[in-house]
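One file, protein.cif, carrying mmCIF, C-alpha atoms and all ligand atoms:
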```cif
data_model
loop_
_atom_site.label_atom_id
_atom_site.label_comp_id
_atom_site.auth_asym_id
_atom_site.auth_seq_id
_atom_site.Cartn_x
_atom_site.Cartn_y
_atom_site.Cartn_z
CA MET X 1 9.31 -26.99 -11.00
CA GLY X 2 8.23 -29.56 -13.56
CA GLU X 3 8.55 -28.08 -17.01
CA VAL X 4 9.24 -24.56 -15.66
CA GLU X 5 12.91 -23.68 -15.29
CA LEU X 6 13.80 -20.50 -13.41
CA THR X 7 16.92 -18.75 -12.19
CA LEU X 8 16.47 -16.76 -8.98
CA LEU X 9 18.62 -14.08 -7.42
CA ARG X 10 18.29 -13.99 -3.63
CA PRO X 11 20.16 -12.30 -0.78
CA ALA X 12 23.30 -14.20 0.20
CA SER X 13 22.82 -13.46 3.88
CA PRO X 14 19.23 -12.75 5.06
CA ASP X 15 20.53 -12.11 8.61
CA ALA X 16 22.49 -9.13 7.32
CA LEU X 17 19.13 -7.50 6.46
CA LEU X 18 17.96 -7.27 10.08
CA ASP X 19 16.91 -3.71 10.84
CA GLU X 20 16.32 -2.78 14.49
CA GLU X 21 14.24 0.29 13.65
CA ALA X 22 11.89 -1.68 11.38
CA PHE X 23 11.53 -4.33 14.09
CA ALA X 24 10.76 -1.71 16.75
CA ARG X 25 8.16 -0.11 14.44
CA ASP X 26 6.24 -3.18 13.26
CA GLU X 27 8.09 -6.26 14.49
CA PHE X 28 9.36 -6.46 10.92
CA LEU X 29 11.83 -9.28 10.23
CA PRO X 30 13.38 -9.95 6.79
CA TYR X 31 11.65 -13.33 6.33
CA TRP X 32 11.08 -12.40 2.68
CA ALA X 33 14.72 -13.13 1.85
CA GLU X 34 14.53 -16.92 2.36
CA LEU X 35 13.01 -19.43 -0.04
CA TRP X 36 10.76 -21.37 2.37
CA PRO X 37 9.77 -25.00 1.67
CA ALA X 38 6.07 -24.06 1.69
CA ALA X 39 6.67 -21.86 -1.34
CA THR X 40 8.27 -24.71 -3.24
CA ALA X 41 5.37 -27.01 -2.27
CA LEU X 42 2.80 -24.42 -3.34
CA ALA X 43 4.54 -23.75 -6.66
CA ALA X 44 4.60 -27.49 -7.38
CA ALA X 45 0.90 -27.91 -6.50
CA LEU X 46 -0.55 -25.02 -8.50
CA PRO X 47 -3.72 -25.83 -10.43
CA ALA X 48 -4.11 -24.84 -14.11
CA VAL X 49 -3.79 -21.07 -14.05
CA ALA X 50 -3.44 -20.03 -17.70
CA GLY X 51 -5.57 -16.94 -18.28
CA LEU X 52 -6.47 -16.52 -14.59
CA ARG X 53 -5.88 -13.40 -12.52
CA VAL X 54 -3.73 -14.62 -9.65
CA VAL X 55 -2.62 -12.72 -6.54
CA GLU X 56 0.03 -13.81 -4.05
CA LEU X 57 0.14 -12.42 -0.50
CA GLY X 58 3.40 -12.28 1.47
CA CYS X 59 5.21 -13.46 -1.64
CA GLY X 60 8.79 -13.00 -0.42
CA LEU X 61 10.95 -14.29 -3.27
CA GLY X 62 7.70 -15.17 -5.07
CA LEU X 63 8.40 -18.62 -6.48
CA PRO X 64 4.65 -19.54 -6.80
CA SER X 65 4.02 -16.21 -8.57
CA LEU X 66 6.88 -16.82 -11.00
CA VAL X 67 5.66 -20.33 -11.79
CA ALA X 68 2.07 -19.08 -12.23
CA ALA X 69 3.33 -16.35 -14.59
CA ALA X 70 5.33 -18.94 -16.54
CA ARG X 71 2.13 -20.98 -16.89
CA GLY X 72 0.21 -18.09 -18.41
CA ALA X 73 -1.50 -16.45 -15.41
CA GLU X 74 -1.83 -12.71 -15.04
CA VAL X 75 0.00 -12.37 -11.73
CA THR X 76 0.07 -9.71 -9.03
CA ALA X 77 2.60 -10.59 -6.33
CA THR X 78 2.49 -8.61 -3.08
CA ASP X 79 4.54 -8.24 0.07
CA TRP X 80 4.95 -5.51 2.67
CA ALA X 81 8.74 -5.63 2.18
CA ALA X 82 9.68 -3.22 -0.61
CA GLU X 83 12.99 -5.05 -1.15
CA ALA X 84 11.11 -8.29 -1.82
CA VAL X 85 8.92 -6.59 -4.41
CA GLU X 86 11.92 -5.01 -6.11
CA LEU X 87 13.85 -8.28 -6.25
CA LEU X 88 10.81 -10.15 -7.58
CA ARG X 89 10.46 -7.64 -10.40
CA GLU X 90 14.12 -8.25 -11.22
CA ASN X 91 13.70 -12.03 -11.05
CA GLY X 92 10.62 -11.82 -13.29
CA ALA X 93 12.58 -9.84 -15.88
CA ARG X 94 15.61 -12.14 -15.56
CA ASN X 95 13.33 -15.07 -16.48
CA GLY X 96 11.53 -13.21 -19.26
CA LEU X 97 8.23 -13.28 -17.37
CA SER X 98 5.57 -10.64 -17.26
CA LEU X 99 4.39 -10.19 -13.69
CA HIS X 100 3.14 -7.30 -11.61
CA ALA X 101 4.69 -6.93 -8.13
CA GLU X 102 3.61 -4.34 -5.58
CA VAL X 103 3.93 -3.43 -1.93
CA ARG X 104 0.78 -4.42 -0.02
CA ASP X 105 0.16 -5.01 3.65
CA TRP X 106 -2.32 -7.87 4.04
CA ARG X 107 -3.84 -6.08 7.05
CA GLU X 108 -5.28 -3.48 4.67
CA PRO X 109 -8.01 -4.07 2.07
CA TRP X 110 -7.61 -3.03 -1.54
CA PRO X 111 -10.26 -2.93 -4.26
CA GLU X 112 -8.83 -5.25 -6.95
CA ARG X 113 -10.31 -8.76 -7.35
CA PHE X 114 -8.71 -11.95 -8.69
CA ASP X 115 -9.63 -15.51 -9.69
CA LEU X 116 -7.16 -17.23 -7.35
CA ALA X 117 -5.18 -16.15 -4.28
CA LEU X 118 -1.91 -17.75 -3.18
CA ALA X 119 0.04 -17.57 0.08
CA ALA X 120 2.92 -19.66 1.42
CA ASP X 121 4.24 -19.82 4.99
CA VAL X 122 2.38 -16.77 6.21
CA LEU X 123 0.86 -18.21 9.42
CA TYR X 124 3.85 -17.96 11.74
CA GLU X 125 2.31 -15.36 14.07
CA ARG X 126 -1.16 -15.23 15.64
CA ARG X 127 -1.61 -11.63 14.47
CA ASN X 128 -1.50 -12.89 10.84
CA VAL X 129 -4.46 -15.29 11.10
CA ALA X 130 -7.51 -12.99 11.07
CA PRO X 131 -6.31 -10.48 8.46
CA LEU X 132 -5.18 -13.27 6.14
CA LEU X 133 -8.54 -15.04 6.39
CA GLU X 134 -10.26 -11.77 5.60
CA ARG X 135 -7.98 -10.80 2.71
CA LEU X 136 -7.95 -14.25 1.06
CA ARG X 137 -11.76 -14.44 1.21
CA GLU X 138 -12.19 -10.94 -0.11
CA LEU X 139 -9.62 -10.98 -2.93
CA ALA X 140 -10.62 -14.20 -4.73
CA PRO X 141 -13.26 -16.96 -4.69
CA ALA X 142 -10.54 -19.61 -4.19
CA ALA X 143 -7.13 -19.75 -2.53
CA TYR X 144 -4.17 -22.13 -2.40
CA VAL X 145 -2.16 -21.91 0.82
CA GLY X 146 1.26 -23.47 1.39
CA LEU X 147 1.65 -24.69 4.97
CA ALA X 148 4.83 -24.97 7.00
CA GLY X 149 3.74 -26.73 10.20
CA ARG X 150 3.48 -23.44 12.13
CA PRO X 151 1.40 -23.37 15.33
CA TYR X 152 -1.19 -20.87 14.05
CA GLU X 153 -2.07 -22.85 10.93
CA ALA X 154 -4.59 -24.97 12.89
CA GLU X 155 -6.51 -21.88 14.01
CA PHE X 156 -6.49 -20.56 10.44
CA LEU X 157 -7.78 -23.86 9.00
CA ARG X 158 -10.54 -24.14 11.67
CA ASN X 159 -11.89 -20.79 10.56
CA ALA X 160 -11.29 -21.08 6.82
CA GLY X 161 -14.53 -22.87 5.81
CA SER X 162 -14.16 -25.45 3.04
CA VAL X 163 -10.57 -26.78 3.04
CA VAL X 164 -9.21 -29.52 0.76
CA GLU X 165 -5.68 -30.87 1.00
CA VAL X 166 -4.39 -30.82 -2.61
CA ALA X 167 -0.82 -31.94 -1.88
CA GLU X 168 1.46 -32.44 1.09
CA ARG X 169 1.69 -29.01 2.80
CA VAL X 170 -0.81 -27.38 0.42
CA VAL X 171 -4.52 -26.73 0.99
CA ALA X 172 -7.18 -25.25 -1.28
CA LEU X 173 -9.82 -23.00 0.27
CA GLY X 174 -13.08 -22.67 -1.64
C1 LIG X 201 7.97 -16.76 6.13
S1 LIG X 201 7.97 -15.58 4.83
C2 LIG X 201 7.33 -16.49 3.45
C3 LIG X 201 7.79 -15.89 2.14
C4 LIG X 201 7.34 -16.68 0.91
N1 LIG X 201 5.90 -16.71 0.82
C5 LIG X 201 7.90 -18.09 0.95
O1 LIG X 201 7.16 -19.01 1.37
O2 LIG X 201 9.08 -18.28 0.60
C6 LIG X 201 6.57 -14.52 5.23
C7 LIG X 201 6.36 -13.39 4.22
O3 LIG X 201 5.23 -12.62 4.61
C8 LIG X 201 5.55 -11.24 4.46
N2 LIG X 201 4.68 -10.47 5.39
C9 LIG X 201 4.68 -10.50 6.74
N3 LIG X 201 3.74 -9.69 7.23
C10 LIG X 201 3.12 -9.13 6.15
C11 LIG X 201 2.04 -8.21 6.01
N4 LIG X 201 1.41 -7.70 7.06
N5 LIG X 201 1.65 -7.88 4.76
C12 LIG X 201 2.29 -8.41 3.66
N6 LIG X 201 3.32 -9.27 3.74
C13 LIG X 201 3.73 -9.63 4.97
C14 LIG X 201 7.02 -11.17 4.80
O4 LIG X 201 7.65 -10.00 4.34
C15 LIG X 201 7.54 -12.43 4.14
O5 LIG X 201 7.87 -12.23 2.79
#
```

Can the structure in the file be given as structure tokens, please?
Ligand SMILES: C[S@@+](CC[C@H](N)C(=O)[O-])C[C@H]1O[C@@H](n2cnc3c(N)ncnc32)[C@H](O)[C@@H]1O
Amino acid sequence: MGEVELTLLRPASPDALLDEEAFARDEFLPYWAELWPAATALAAALPAVAGLRVVELGCGLGLPSLVAAARGAEVTATDWAAEAVELLRENGARNGLSLHAEVRDWREPWPERFDLALAADVLYERRNVAPLLERLRELAPAAYVGLAGRPYEAEFLRNAGSVVEVAERVVALG
């Protein structure tokens, strides 16, 4: 990631994390355990973030959050998967980075506010579109979103207001 060098622990076999009960409850799948290309693209396209309060939604392994923390942002990384949050805390410590990681479901509001919101490859189901638009708008005045060519991204972008492509696969919402 440019001048940022990181070492990341990640699950050897994401498929082994499938949990039928969690799927039956909330259609939960362990997507957090993969490093998706949209996350790499978003991490590479981050704007200057030193001194900013940055939040990431659906962070999974949290590469954009780690890079933002390495560049001097005050980062809160969130995911609904507790294992993702735990591993990100460990990866932050392993890389000597200070970063706050917590379990959050993007369908639910929370009172904190930030300068910049991040999200990568989160638009793979229609049910994600409306709550993500709402949360990203509410949490910060600007957002960077890493895209993955998923079918529901078009609907998201149509409803997102001002959208600027800042890099291949990455858009900024103002
Ligand atoms: C395709 S993965 C992308 C992970 C990571 N952003 C990346 O690009 O490598 C989607 C992520 O969204 C998280 N997620 C799905 N639904 C969520 C929800 N309602 N609230 C918070 N996180 C959610 C998943 O746990 C997973 O980490």

Residues near range 5-13 of chain X, cut-off 8 Å, all atoms listed in the file, skip fewer than 6 positions along chain, as JSON, numbers by chain | {"X": [33, 34, 61, 87, 91, 94, 95]}

Residues from the last selection, C-alpha atoms, saved as a short mmCIF file (atom, residue, chain, number, x, y, z; two decimals), keeping the file's coordinate frame:
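What ended up in out_29.cif:
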```cif
data_model
loop_
_atom_site.label_atom_id
_atom_site.label_comp_id
_atom_site.auth_asym_id
_atom_site.auth_seq_id
_atom_site.Cartn_x
_atom_site.Cartn_y
_atom_site.Cartn_z
CA ALA X 33 14.72 -13.13 1.85
CA GLU X 34 14.53 -16.92 2.36
CA LEU X 61 10.95 -14.29 -3.27
CA LEU X 87 13.85 -8.28 -6.25
CA ASN X 91 13.70 -12.03 -11.05
CA ARG X 94 15.61 -12.14 -15.56
CA ASN X 95 13.33 -15.07 -16.48
#
```

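Across the model, the gap from CA of Trp32 in chain X to CA of Ala84 in chain X is 6.1 Å.
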
Got a sec to check which residues sit within 8 Å of (-4.7, -12.2, 2.1), counting only C-alpha atoms, and write them as a PyMOL selection string?
-> chain X and resi 56-57+106-107+117+119+131-139

Between CA of Arg113 in chain X and CA of Asp79 in chain X, what is the distance, to one decimal in Å?
->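 Atom-to-atom, CA of Arg113 in chain X to CA of Asp79 in chain X, that is 16.6 Å.
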
Test item: residues lying within 10 Å of ligand LIG 201 (chain X) with only C-alpha atoms and all ligand atoms, as a PDB file with C-alpha atoms, in the frame of the given file:
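Final file, out01.pdb:
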```
ATOM      1  CA  ASP X  26       6.240  -3.180  13.260  1.00  0.00           C
ATOM      2  CA  GLU X  27       8.090  -6.260  14.490  1.00  0.00           C
ATOM      3  CA  PHE X  28       9.360  -6.460  10.920  1.00  0.00           C
ATOM      4  CA  LEU X  29      11.830  -9.280  10.230  1.00  0.00           C
ATOM      5  CA  PRO X  30      13.380  -9.950   6.790  1.00  0.00           C
ATOM      6  CA  TYR X  31      11.650 -13.330   6.330  1.00  0.00           C
ATOM      7  CA  TRP X  32      11.080 -12.400   2.680  1.00  0.00           C
ATOM      8  CA  ALA X  33      14.720 -13.130   1.850  1.00  0.00           C
ATOM      9  CA  GLU X  34      14.530 -16.920   2.360  1.00  0.00           C
ATOM     10  CA  LEU X  35      13.010 -19.430  -0.040  1.00  0.00           C
ATOM     11  CA  TRP X  36      10.760 -21.370   2.370  1.00  0.00           C
ATOM     12  CA  PRO X  37       9.770 -25.000   1.670  1.00  0.00           C
ATOM     13  CA  ALA X  38       6.070 -24.060   1.690  1.00  0.00           C
ATOM     14  CA  ALA X  39       6.670 -21.860  -1.340  1.00  0.00           C
ATOM     15  CA  THR X  40       8.270 -24.710  -3.240  1.00  0.00           C
ATOM     16  CA  ALA X  41       5.370 -27.010  -2.270  1.00  0.00           C
ATOM     17  CA  LEU X  42       2.800 -24.420  -3.340  1.00  0.00           C
ATOM     18  CA  ALA X  43       4.540 -23.750  -6.660  1.00  0.00           C
ATOM     19  CA  GLU X  56       0.030 -13.810  -4.050  1.00  0.00           C
ATOM     20  CA  LEU X  57       0.140 -12.420  -0.500  1.00  0.00           C
ATOM     21  CA  GLY X  58       3.400 -12.280   1.470  1.00  0.00           C
ATOM     22  CA  CYS X  59       5.210 -13.460  -1.640  1.00  0.00           C
ATOM     23  CA  GLY X  60       8.790 -13.000  -0.420  1.00  0.00           C
ATOM     24  CA  LEU X  61      10.950 -14.290  -3.270  1.00  0.00           C
ATOM     25  CA  GLY X  62       7.700 -15.170  -5.070  1.00  0.00           C
ATOM     26  CA  LEU X  63       8.400 -18.620  -6.480  1.00  0.00           C
ATOM     27  CA  PRO X  64       4.650 -19.540  -6.800  1.00  0.00           C
ATOM     28  CA  SER X  65       4.020 -16.210  -8.570  1.00  0.00           C
ATOM     29  CA  ALA X  77       2.600 -10.590  -6.330  1.00  0.00           C
ATOM     30  CA  THR X  78       2.490  -8.610  -3.080  1.00  0.00           C
ATOM     31  CA  ASP X  79       4.540  -8.240   0.070  1.00  0.00           C
ATOM     32  CA  TRP X  80       4.950  -5.510   2.670  1.00  0.00           C
ATOM     33  CA  ALA X  81       8.740  -5.630   2.180  1.00  0.00           C
ATOM     34  CA  ALA X  82       9.680  -3.220  -0.610  1.00  0.00           C
ATOM     35  CA  GLU X  83      12.990  -5.050  -1.150  1.00  0.00           C
ATOM     36  CA  ALA X  84      11.110  -8.290  -1.820  1.00  0.00           C
ATOM     37  CA  VAL X  85       8.920  -6.590  -4.410  1.00  0.00           C
ATOM     38  CA  VAL X 103       3.930  -3.430  -1.930  1.00  0.00           C
ATOM     39  CA  ARG X 104       0.780  -4.420  -0.020  1.00  0.00           C
ATOM     40  CA  ASP X 105       0.160  -5.010   3.650  1.00  0.00           C
ATOM     41  CA  TRP X 106      -2.320  -7.870   4.040  1.00  0.00           C
ATOM     42  CA  ARG X 107      -3.840  -6.080   7.050  1.00  0.00           C
ATOM     43  CA  GLU X 108      -5.280  -3.480   4.670  1.00  0.00           C
ATOM     44  CA  LEU X 118      -1.910 -17.750  -3.180  1.00  0.00           C
ATOM     45  CA  ALA X 119       0.040 -17.570   0.080  1.00  0.00           C
ATOM     46  CA  ALA X 120       2.920 -19.660   1.420  1.00  0.00           C
ATOM     47  CA  ASP X 121       4.240 -19.820   4.990  1.00  0.00           C
ATOM     48  CA  VAL X 122       2.380 -16.770   6.210  1.00  0.00           C
ATOM     49  CA  LEU X 123       0.860 -18.210   9.420  1.00  0.00           C
ATOM     50  CA  TYR X 124       3.850 -17.960  11.740  1.00  0.00           C
ATOM     51  CA  GLU X 125       2.310 -15.360  14.070  1.00  0.00           C
ATOM     52  CA  ARG X 127      -1.610 -11.630  14.470  1.00  0.00           C
ATOM     53  CA  ASN X 128      -1.500 -12.890  10.840  1.00  0.00           C
ATOM     54  CA  PRO X 131      -6.310 -10.480   8.460  1.00  0.00           C
ATOM     55  CA  LEU X 132      -5.180 -13.270   6.140  1.00  0.00           C
ATOM     56  CA  VAL X 145      -2.160 -21.910   0.820  1.00  0.00           C
ATOM     57  CA  GLY X 146       1.260 -23.470   1.390  1.00  0.00           C
ATOM     58  CA  LEU X 147       1.650 -24.690   4.970  1.00  0.00           C
ATOM     59  CA  ALA X 148       4.830 -24.970   7.000  1.00  0.00           C
TER      60      ALA X 148
END
```

Exercise: range 46-48 of chain X partners within 10 Å, all atoms listed in the file, chain neighbours under 6 positions left out, as a count of residues only = 15

Can you tell me, as a PyMOL selection string, what residues are no more than 7 Å from Val163 in chain X when counting only C-alpha atoms, ignoring any on the same chain fewer than 3 positions away?
-> chain X and resi 160+171-174

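CA of Leu52 in chain X to CA of Trp110 in chain X spans 18.8 Å [interatomic distance, one decimal].
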
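Distances from X:Pro111, X:Ala143, X:Tyr152, X:Arg158 to Val129 in chain X were compared using all atoms listed in the file, and the smallest one belongs to X:Tyr152.
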
With distances taken over only C-alpha atoms, which of X:Val54, X:Leu17, X:Val49, X:Val75 is nearest to Leu97 in chain X?
->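 Answer, going by the shortest atom-to-atom distance: X:Val75.
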
Using only C-alpha atoms, find the one residue out of X:Leu18, X:Leu99, X:Ala45, X:Phe114 that sits nearest to Arg169 in chain X.
->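 Result for the nearest residue to Arg169 in chain X: X:Ala45.
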